[in-house]
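Okay, so here's the structure we're looking at.
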Amino acid sequence: MRKAFRFSVPLCIVGCIIGAVTSTLAAPKPTAKVGASAVWQLPEQFMAGAHTACDKSPPSGFAECVINQMAKAGASYNAVGFTRELYKQSGSDVGIMTGFQAVGPVDFAWITYPLRANTNYGLLFINGQPPFVNVEDLKLLDRKTMEQSPQFKDLKFQFPKVDVWPGDRDGKTWPNSQTGPNGRIQFTVGYPLINGCHACARAGSAIFTWNFTAQGKFLGTTFVGMTAPPLQ
């Protein structure tokens, strides 16, 4: 019995130490908030130089090559890191933060997408939960309420192919914010209503609020209403 007791104490101590170390390693690390240090303004010749360096890359490696050119063109470590993280989060879309506005607990990031043919500018809500919420992700919009509204049904008679499209954000106008019920934060964002194609007739705008808790957790969107089509 004495021998068993002698060995059980050290084994217990070792086991506790291992357990504590394992728990520490497994604990999630706090996510650093993104700030203005990740902003980078693309030099005028950046894309020309990126094409020279990357056009011979295989298609699967072209975007990664373009991101690698950022540091060579003077982008900061944080700017390149943000683009890499957005590339992973967005499903391989190269986006560069060209504007930042601290609001708290959710902040705004204006994004330039240099490889896109259309809608080269976008907007993200960042530093909340989740860390990136893409304002141009139309799947997140309260489309069902919009499509059931009398306004939208009437608009369909005039524009049979009308639908909501991503906004081509210019980086100059920030979304309006307001306090909602229970301290929630709401941001009002407009989206173009277009009759079938990017170059087709404009049919006004659809307005949605993006809703967050007071702690910055994303709750979803709410359809607010529509603006009238422009005069012909």
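For the structure tokens, the naming scheme is as follows: chains receive sequential letters (A, B, ...) according to their order of presentation, residues are indexed from 1 within each chain, and ligands are indexed from 1 in presentation order.
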
Write out as a PDB file with C-alpha atoms, in the first residue's frame which residues come within 9 Å of Phe82 (chain A) when counting only C-alpha atoms, dropping same-chain ones fewer than 2 positions away.
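New file selection.pdb:
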ATOM      1  CA  VAL A  34      -8.932  45.215 -37.350  1.00  0.00           C
ATOM      2  CA  ALA A  38      -4.966  47.656 -42.400  1.00  0.00           C
ATOM      3  CA  VAL A  39      -5.957  50.432 -44.838  1.00  0.00           C
ATOM      4  CA  TYR A  77       1.844  43.761 -42.911  1.00  0.00           C
ATOM      5  CA  ASN A  78      -1.665  44.402 -41.515  1.00  0.00           C
ATOM      6  CA  ALA A  79      -3.048  45.371 -44.921  1.00  0.00           C
ATOM      7  CA  VAL A  80      -1.741  42.195 -46.532  1.00  0.00           C
ATOM      8  CA  ARG A  84      -5.455  37.212 -46.957  1.00  0.00           C
ATOM      9  CA  GLU A  85      -8.093  36.708 -44.264  1.00  0.00           C
ATOM     10  CA  LEU A  86     -10.834  38.218 -46.418  1.00  0.00           C
ATOM     11  CA  TYR A  87      -9.696  35.982 -49.291  1.00  0.00           C
ATOM     12  CA  GLY A  95     -10.364  42.575 -51.489  1.00  0.00           C
ATOM     13  CA  ILE A  96      -8.189  45.427 -50.199  1.00  0.00           C
ATOM     14  CA  MET A  97      -9.321  47.687 -47.356  1.00  0.00           C
TER      15      MET A  97
END

- [ ] Once DSSP has gone over the backbone, tell me which residues of region 59-197 of chain A are in alpha helix (DSSP H), as a count of residues only.
- [x] 42

TODO: Considering only C-alpha atoms, return as a ChimeraX atom specification whatever protein or nucleic-acid residues lie within 12 Å of Pro160 (chain A), sequence-local ones (same chain, fewer than 3 positions apart) excluded.
DONE: /A:152-157,163,193-196,200-201,203

Task: Between CA of Tyr113 (chain A) and CA of Trp40 (chain A), distance in Å (one decimal) - done: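 Pair CA of Tyr113 (chain A) / CA of Trp40 (chain A) returns 12.5 Å.
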
Open item on the list: Run DSSP on the backbone and tell me which residues of chain A come out as strand (DSSP E); list them as number ranges by chain.
Closed with: A: 96-101, 107-112, 121-126, 132-134, 162-164, 176-179, 185-195, 202-212, 218-227

Mind checking which residues fall within 10 Å of Gly49 (chain A), counting only C-alpha atoms, ignoring those fewer than 3 positions away in the same chain, and posting them as an mmCIF file with N, CA and C atoms, in the first residue's frame?
data_model
loop_
_atom_site.group_PDB
_atom_site.id
_atom_site.type_symbol
_atom_site.label_atom_id
_atom_site.label_comp_id
_atom_site.auth_asym_id
_atom_site.auth_seq_id
_atom_site.Cartn_x
_atom_site.Cartn_y
_atom_site.Cartn_z
ATOM 1 N N GLU A 44 -1.458 53.781 -58.406
ATOM 2 C CA GLU A 44 -2.093 53.819 -59.729
ATOM 3 C C GLU A 44 -1.635 52.678 -60.634
ATOM 4 N N GLN A 45 -0.371 52.296 -60.535
ATOM 5 C CA GLN A 45 0.170 51.264 -61.423
ATOM 6 C C GLN A 45 0.186 49.877 -60.783
ATOM 7 N N PHE A 46 -0.509 49.721 -59.647
ATOM 8 C CA PHE A 46 -0.416 48.440 -58.945
ATOM 9 C C PHE A 46 -0.903 47.275 -59.805
ATOM 10 N N THR A 52 1.776 41.967 -64.811
ATOM 11 C CA THR A 52 3.088 41.617 -65.361
ATOM 12 C C THR A 52 3.710 40.471 -64.580
ATOM 13 N N ALA A 53 3.562 40.518 -63.269
ATOM 14 C CA ALA A 53 4.172 39.496 -62.415
ATOM 15 C C ALA A 53 3.374 38.202 -62.369
ATOM 16 N N CYS A 54 2.055 38.275 -62.566
ATOM 17 C CA CYS A 54 1.194 37.132 -62.247
ATOM 18 C C CYS A 54 0.476 36.489 -63.434
ATOM 19 N N VAL A 66 -1.261 37.925 -56.830
ATOM 20 C CA VAL A 66 -1.620 39.343 -56.727
ATOM 21 C C VAL A 66 -1.488 39.821 -55.289
ATOM 22 N N GLN A 69 1.972 40.592 -54.319
ATOM 23 C CA GLN A 69 2.514 41.829 -54.878
ATOM 24 C C GLN A 69 2.223 43.046 -54.002
ATOM 25 N N ALA A 73 4.596 46.359 -53.268
ATOM 26 C CA ALA A 73 4.162 47.692 -53.699
ATOM 27 C C ALA A 73 3.998 48.652 -52.526
#

Open item on the list: Please determine, counting only C-alpha atoms, which residue among A:Ala214, A:Ala228, A:Met47, A:Cys65 has the shortest atom-to-atom distance to Val106 (chain A).
Closed with: A:Ala214

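The two atoms in question, CA of Tyr121 (chain A) and CA of Ala109 (chain A), are spaced 10.7 Å apart.
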
Open item on the list: Report, in Å to a single decimal, how far apart CA of Gly91 (chain A) and CA of Gln41 (chain A) are.
Closed with: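 Taking CA of Gln41 (chain A) and CA of Gly91 (chain A), their separation equals 22.9 Å.
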
TODO: Would you please work out which residue, of A:Leu138, A:Thr112, A:Arg202, A:Val103, is nearest to Ile185 (chain A) when using only C-alpha atoms?
DONE: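 Looking at the shortest contact to Ile185 (chain A), the residue is A:Val103.
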
Open item on the list: Neighbouring residues of region 166-181 of chain A were defined as those with any atom within 6 Å, considering only C-alpha atoms; residues of the same chain fewer than 4 positions away were excluded. Please report them as a list in words.
Closed with: Trp110, Thr119, Tyr121, Gly122, Glu136, Ile185, Gln186, Phe187, Thr188, Val189 and Tyr191 of chain A

TODO: Show which residues sit within 8 Å of Asp142 (chain A), as a VMD selection string. Count only C-alpha atoms, and ignore same-chain residues fewer than 4 positions away.
DONE: chain A and resid 146 208 220 to 223
